[in-house]
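Written out below as structure tokens is the structure these notes cover.
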Amino acid sequence: MDEPSTQTRQLDGSSHAIERRRTVLNYLQETPAETASLSDLSRYVVDRRPDLDPEDREAVRLLLHHADLPKLDAAEALDYDTEDRTIHILGTPGDDAVFATLV
């Protein structure tokens with residue numbers, strides 16, 4: 001099982017989580033594909049965040065997998081398949097339930 005590192009815990013503040021979830025939703029809006037992989041999504045999040053370095057990608061991947069994607073899945077903004085680590089878009093960032101997961 002993946003254990004969170006000190007670096008992961010440092011990136012897991014509420015403001016960081018909100019920004020990651022917004023970035024996930026932006027990615028899903030921008031991509032023409034109906035599905036995304038966890039590795040592609042973690043790369044996108046790190047690339048879009050000036051406060052993150054490429055070496056933060058593993059920590060971001062862990063946070064997306066264990067925290068952010070399950071919350072967005074529960075809000076029915078997306079469907080996260082934890083087995084094959086793929087994300088399928090379902091809702092839009094304007095949905096009230098999705099917005100509630102950001103705060």
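Following the order of the structure tokens, chains are lettered A, B, ..., residues in each are numbered from 1, and ligands are numbered from 1.
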
Backbone DSSP call of strand (DSSP E or B) for range 2-92 of chain A, listed as JSON, numbers by chain: {"A": [35, 36, 37, 78, 79, 80, 81, 86, 87, 88, 89]}

Proximity to Leu63 in chain A - best of A:Leu78, A:Leu25, A:Leu41, A:Leu90, only C-alpha atoms: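 Of A:Leu78, A:Leu25, A:Leu41, A:Leu90, the one nearest Leu63 in chain A is A:Leu41, counting only C-alpha atoms.
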
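Nearest to Leu38 in chain A of all the residues A:Ala17, A:Leu52, A:Ala74, A:Leu62 is A:Leu62, based on only C-alpha atoms.
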
Between CA of Glu83 in chain A and CA of Ser39 in chain A, distance in Å (one decimal): 13.6 Å

Residues within 9 Å of Tyr44 in chain A, only C-alpha atoms, excluding chain neighbours under 6 positions, as a PyMOL selection string: chain A and resi 23-24+27

Option closest in space to Leu28 in chain A, from A:His16, A:Val60, A:Asp84, A:Ala77 [counting only C-alpha atoms]: A:Ala77
